[in-house]
Amino acid sequence: MQRNDWLDRIEAGTVPHAILFAGPKESGQLALARRAAARYLLHTDDVNALLNCPFFQQPEDYQVKAVRDALGIVNAQAFGSGRRCILFADAHTMSEAAQDVLLKTLEEPPSDTLLLLTGIESGFRPTILSRCMILRYETEPWETIADRLEQNGVSREQATLAARLSDGIYGRAKAMLSEEAQAFRRGALDCIAQLASVSKPYAALAALCTDTIKEEGEDGSVKKTKKVGPASVDAFLDLLLSILTDVLRLKSGIRDVRNTDCAKIETKYNSTFTTAQIQGMIQVAAEAKEMLAYKANPAMTVDWILAKLP
């Protein structure tokens, strides 16, 4: 189905009560979801109109109480009171308990209410996916993305690297060029380089992956604390897996690698570790990502990763 086709169906109200815009944050799914909300509620493509719309919610807090309160508003509306819409951005980050609360509303949706979700499919419970219409992002060839970045003033070298690592998503390539993303990559590459030495970077990796986390207390209050965060650990693992895959390609005689900015690291891994060891490291990183998906403690996951790697 073409984009304008489903936007027309959303505006007409002839779609299921819940839609998941599936894909990474940088793929533009949030912008599309907000456009869908504007169409559904206000019959316009101007998403700024949602700012003053009393029938639209976009919660920023996914603590159980916050999700329950947001859904409670639409569940309490009387029939015939008009359309309502709630947008849960990056909903795959919800805890299992919060997803349970969402599932109850998906099972018995209130009349004239559209629930919009964005996020990565693997982060949702199957029971939630089964109750949503899923719209997936479109990808582009990396060469096309590199050309677009270069036209916007990015050097060809940087544009090529970002495009090759973007999985065909222009927004992701662009996000990789931010100062924050570049700083994280430099720190992550330093840690990965140290993995090939005797001393493993426990402290450096923990510091790199430390985020400000929101936590809900027993009294319902929310406080912010600094601790190793799952998103940063997952981002580190994605980079590690990408480099290890490059090393396997090098061992197979293939010189066309994705990470064009870390030739020294990949050469070091190629000469230090056997093919079997690289494959074992890939297995460790993949298992760690699965642990995070099942809400494992991020700090303990970091220690587990480093203890398991050769």
# chains A, B, ... in the order shown; residues from 1 in each chain; ligands from 1
call {"tool": "residues_around", "arguments": {"residues": "Leu42 of chain A", "least_positions_apart": "2", "cutoff": "12 Å", "atoms": "only C-alpha atoms", "output": "mmCIF file with N, CA and C atoms, in the first residue's frame"}}
result
data_model
loop_
_atom_site.group_PDB
_atom_site.id
_atom_site.type_symbol
_atom_site.label_atom_id
_atom_site.label_comp_id
_atom_site.auth_asym_id
_atom_site.auth_seq_id
_atom_site.Cartn_x
_atom_site.Cartn_y
_atom_site.Cartn_z
ATOM 1 N N ILE A 10 -6.494 6.240 6.905
ATOM 2 C CA ILE A 10 -6.466 6.684 8.300
ATOM 3 C C ILE A 10 -7.398 7.869 8.496
ATOM 4 N N GLU A 11 -7.359 8.819 7.560
ATOM 5 C CA GLU A 11 -8.223 9.995 7.661
ATOM 6 C C GLU A 11 -9.697 9.594 7.603
ATOM 7 N N ALA A 12 -9.996 8.610 6.776
ATOM 8 C CA ALA A 12 -11.383 8.159 6.638
ATOM 9 C C ALA A 12 -11.822 7.282 7.807
ATOM 10 N N ARG A 34 2.952 11.174 13.392
ATOM 11 C CA ARG A 34 2.337 12.452 13.744
ATOM 12 C C ARG A 34 1.487 12.985 12.580
ATOM 13 N N ARG A 35 1.949 12.757 11.376
ATOM 14 C CA ARG A 35 1.153 13.171 10.216
ATOM 15 C C ARG A 35 -0.149 12.380 10.161
ATOM 16 N N ALA A 36 -0.066 11.076 10.478
ATOM 17 C CA ALA A 36 -1.267 10.244 10.509
ATOM 18 C C ALA A 36 -2.246 10.735 11.573
ATOM 19 N N ALA A 37 -1.719 11.135 12.737
ATOM 20 C CA ALA A 37 -2.578 11.651 13.807
ATOM 21 C C ALA A 37 -3.273 12.935 13.369
ATOM 22 N N ALA A 38 -2.532 13.818 12.686
ATOM 23 C CA ALA A 38 -3.115 15.074 12.213
ATOM 24 C C ALA A 38 -4.215 14.806 11.185
ATOM 25 N N ARG A 39 -3.977 13.837 10.328
ATOM 26 C CA ARG A 39 -4.992 13.465 9.341
ATOM 27 C C ARG A 39 -6.250 12.930 10.034
ATOM 28 N N TYR A 40 -6.033 12.024 10.991
ATOM 29 C CA TYR A 40 -7.156 11.357 11.648
ATOM 30 C C TYR A 40 -8.013 12.339 12.438
ATOM 31 N N THR A 44 -5.673 17.253 8.227
ATOM 32 C CA THR A 44 -4.623 18.115 7.708
ATOM 33 C C THR A 44 -3.290 17.389 7.754
ATOM 34 N N ASP A 45 -2.348 17.824 6.924
ATOM 35 C CA ASP A 45 -0.988 17.286 6.971
ATOM 36 C C ASP A 45 -0.076 18.145 7.834
ATOM 37 N N ASP A 46 -0.612 19.205 8.415
ATOM 38 C CA ASP A 46 0.171 20.102 9.259
ATOM 39 C C ASP A 46 0.239 19.542 10.676
ATOM 40 N N VAL A 47 1.362 18.925 11.015
ATOM 41 C CA VAL A 47 1.482 18.297 12.339
ATOM 42 C C VAL A 47 1.512 19.330 13.464
ATOM 43 N N ASN A 48 1.832 20.579 13.155
ATOM 44 C CA ASN A 48 1.833 21.621 14.186
ATOM 45 C C ASN A 48 0.441 21.851 14.753
ATOM 46 N N ALA A 49 -0.574 21.486 14.000
ATOM 47 C CA ALA A 49 -1.948 21.649 14.478
ATOM 48 C C ALA A 49 -2.231 20.766 15.689
ATOM 49 N N LEU A 50 -1.429 19.721 15.880
ATOM 50 C CA LEU A 50 -1.629 18.825 17.024
ATOM 51 C C LEU A 50 -1.283 19.500 18.349
ATOM 52 N N LEU A 51 -0.477 20.566 18.299
ATOM 53 C CA LEU A 51 -0.024 21.230 19.524
ATOM 54 C C LEU A 51 -1.189 21.740 20.357
ATOM 55 N N ASN A 52 -2.239 22.190 19.709
ATOM 56 C CA ASN A 52 -3.392 22.752 20.419
ATOM 57 C C ASN A 52 -4.616 21.858 20.338
ATOM 58 N N CYS A 53 -4.390 20.604 19.988
ATOM 59 C CA CYS A 53 -5.519 19.675 19.850
ATOM 60 C C CYS A 53 -5.754 18.939 21.174
ATOM 61 N N PRO A 54 -6.907 19.124 21.802
ATOM 62 C CA PRO A 54 -7.174 18.471 23.094
ATOM 63 C C PRO A 54 -7.460 16.985 22.986
ATOM 64 N N PHE A 55 -7.597 16.502 21.768
ATOM 65 C CA PHE A 55 -7.944 15.091 21.572
ATOM 66 C C PHE A 55 -6.728 14.241 21.214
ATOM 67 N N PHE A 56 -5.537 14.837 21.300
ATOM 68 C CA PHE A 56 -4.297 14.144 20.958
ATOM 69 C C PHE A 56 -3.389 14.070 22.169
ATOM 70 N N GLY A 82 -16.463 11.812 19.829
ATOM 71 C CA GLY A 82 -15.522 12.248 18.823
ATOM 72 C C GLY A 82 -14.239 11.448 18.841
ATOM 73 N N ARG A 83 -13.413 11.669 17.855
ATOM 74 C CA ARG A 83 -12.174 10.912 17.713
ATOM 75 C C ARG A 83 -11.135 11.302 18.762
ATOM 76 N N ARG A 84 -10.362 10.309 19.163
ATOM 77 C CA ARG A 84 -9.229 10.509 20.063
ATOM 78 C C ARG A 84 -8.029 9.772 19.466
ATOM 79 N N CYS A 85 -6.822 10.239 19.794
ATOM 80 C CA CYS A 85 -5.618 9.586 19.275
ATOM 81 C C CYS A 85 -4.501 9.687 20.302
#
call {"tool": "residues_around", "arguments": {"residues": "Pro109 of chain A", "least_positions_apart": "6", "cutoff": "9 Å", "atoms": "only C-alpha atoms", "output": "count of residues only"}}
result
4
call {"tool": "residues_around", "arguments": {"residues": "Pro59 of chain A", "least_positions_apart": "3", "cutoff": "9 Å", "atoms": "only C-alpha atoms", "output": "list of chain:residue names"}}
result
A:Tyr62, A:Ala66, A:Val67, A:Ala70, A:Ile86, A:Leu87, A:Phe88, A:Ala89
call {"tool": "write_last_selection", "arguments": {"atoms": "C-alpha atoms", "output": "PDB file, in the first residue's frame"}}
result
ATOM      1  CA  TYR A  62       6.390   5.015  29.926  1.00  0.00           C
ATOM      2  CA  ALA A  66       1.803   7.062  33.178  1.00  0.00           C
ATOM      3  CA  VAL A  67       0.746   4.595  30.471  1.00  0.00           C
ATOM      4  CA  ALA A  70      -2.898   8.091  29.300  1.00  0.00           C
ATOM      5  CA  ILE A  86      -2.644   8.531  21.399  1.00  0.00           C
ATOM      6  CA  LEU A  87       0.859   8.289  19.942  1.00  0.00           C
ATOM      7  CA  PHE A  88       3.411   6.134  21.775  1.00  0.00           C
ATOM      8  CA  ALA A  89       6.811   6.927  20.218  1.00  0.00           C
TER       9      ALA A  89
END
call {"tool": "residues_around", "arguments": {"residues": "segment 95-103 of chain A", "least_positions_apart": "3", "cutoff": "12 Å", "atoms": "only C-alpha atoms", "output": "PyMOL selection string"}}
result
chain A and resi 18+61-72+75+86-88+90-92+106-109+115-117+123-132+215-216+292-296
call {"tool": "atom_distance", "arguments": {"atom1": "atom CA of Tyr269 of chain A", "atom2": "atom CA of Ala193 of chain A"}}
result
8.5 Å
call {"tool": "residues_around", "arguments": {"residues": "segment 145-162 of chain A", "least_positions_apart": "5", "cutoff": "8 Å", "atoms": "only C-alpha atoms", "output": "PyMOL selection string"}}
result
chain A and resi 140+168-170+173-174+176-177+258-261
call {"tool": "atom_distance", "arguments": {"atom1": "atom CA of Gln29 of chain A", "atom2": "atom CA of Ala181 of chain A"}}
result
19.8 Å
call {"tool": "closest_residue", "arguments": {"among": "A:Pro298, A:Pro310, A:Pro141, A:Gly28", "to": "Ala196 of chain A", "atoms": "only C-alpha atoms"}}
result
A:Pro310
call {"tool": "closest_atom_pairs", "arguments": {"of": "segment 170-212 of chain A", "to": "segment 224-238 of chain A", "cutoff": "12 Å", "atoms": "only C-alpha atoms", "output": "JSON lines"}}
result
{"residue": "A:Met176", "atom": "CA", "partner": "A:Ala235", "partner_atom": "CA", "distance": 11.5}
{"residue": "A:Glu180", "atom": "CA", "partner": "A:Ser232", "partner_atom": "CA", "distance": 12.0}
{"residue": "A:Ala181", "atom": "CA", "partner": "A:Ala235", "partner_atom": "CA", "distance": 10.2}
{"residue": "A:Phe184", "atom": "CA", "partner": "A:Phe236", "partner_atom": "CA", "distance": 8.6}
{"residue": "A:Arg185", "atom": "CA", "partner": "A:Phe236", "partner_atom": "CA", "distance": 8.2}
{"residue": "A:Arg186", "atom": "CA", "partner": "A:Phe236", "partner_atom": "CA", "distance": 10.9}
{"residue": "A:Gly187", "atom": "CA", "partner": "A:Phe236", "partner_atom": "CA", "distance": 9.5}
{"residue": "A:Ala188", "atom": "CA", "partner": "A:Phe236", "partner_atom": "CA", "distance": 6.2}
{"residue": "A:Leu189", "atom": "CA", "partner": "A:Phe236", "partner_atom": "CA", "distance": 8.9}
{"residue": "A:Asp190", "atom": "CA", "partner": "A:Phe236", "partner_atom": "CA", "distance": 11.2}
{"residue": "A:Cys191", "atom": "CA", "partner": "A:Phe236", "partner_atom": "CA", "distance": 9.4}
{"residue": "A:Ile192", "atom": "CA", "partner": "A:Phe236", "partner_atom": "CA", "distance": 9.1}
{"residue": "A:Tyr202", "atom": "CA", "partner": "A:Val228", "partner_atom": "CA", "distance": 11.9}
{"residue": "A:Ala203", "atom": "CA", "partner": "A:Val228", "partner_atom": "CA", "distance": 11.1}
{"residue": "A:Ala204", "atom": "CA", "partner": "A:Val228", "partner_atom": "CA", "distance": 11.5}
{"residue": "A:Leu205", "atom": "CA", "partner": "A:Val233", "partner_atom": "CA", "distance": 8.7}
{"residue": "A:Ala206", "atom": "CA", "partner": "A:Val228", "partner_atom": "CA", "distance": 6.3}
{"residue": "A:Ala207", "atom": "CA", "partner": "A:Val228", "partner_atom": "CA", "distance": 7.6}
{"residue": "A:Leu208", "atom": "CA", "partner": "A:Ser232", "partner_atom": "CA", "distance": 7.8}
{"residue": "A:Cys209", "atom": "CA", "partner": "A:Ser232", "partner_atom": "CA", "distance": 4.9}
{"residue": "A:Thr210", "atom": "CA", "partner": "A:Val228", "partner_atom": "CA", "distance": 4.0}
{"residue": "A:Asp211", "atom": "CA", "partner": "A:Gly229", "partner_atom": "CA", "distance": 5.3}
{"residue": "A:Thr212", "atom": "CA", "partner": "A:Lys226", "partner_atom": "CA", "distance": 4.5}
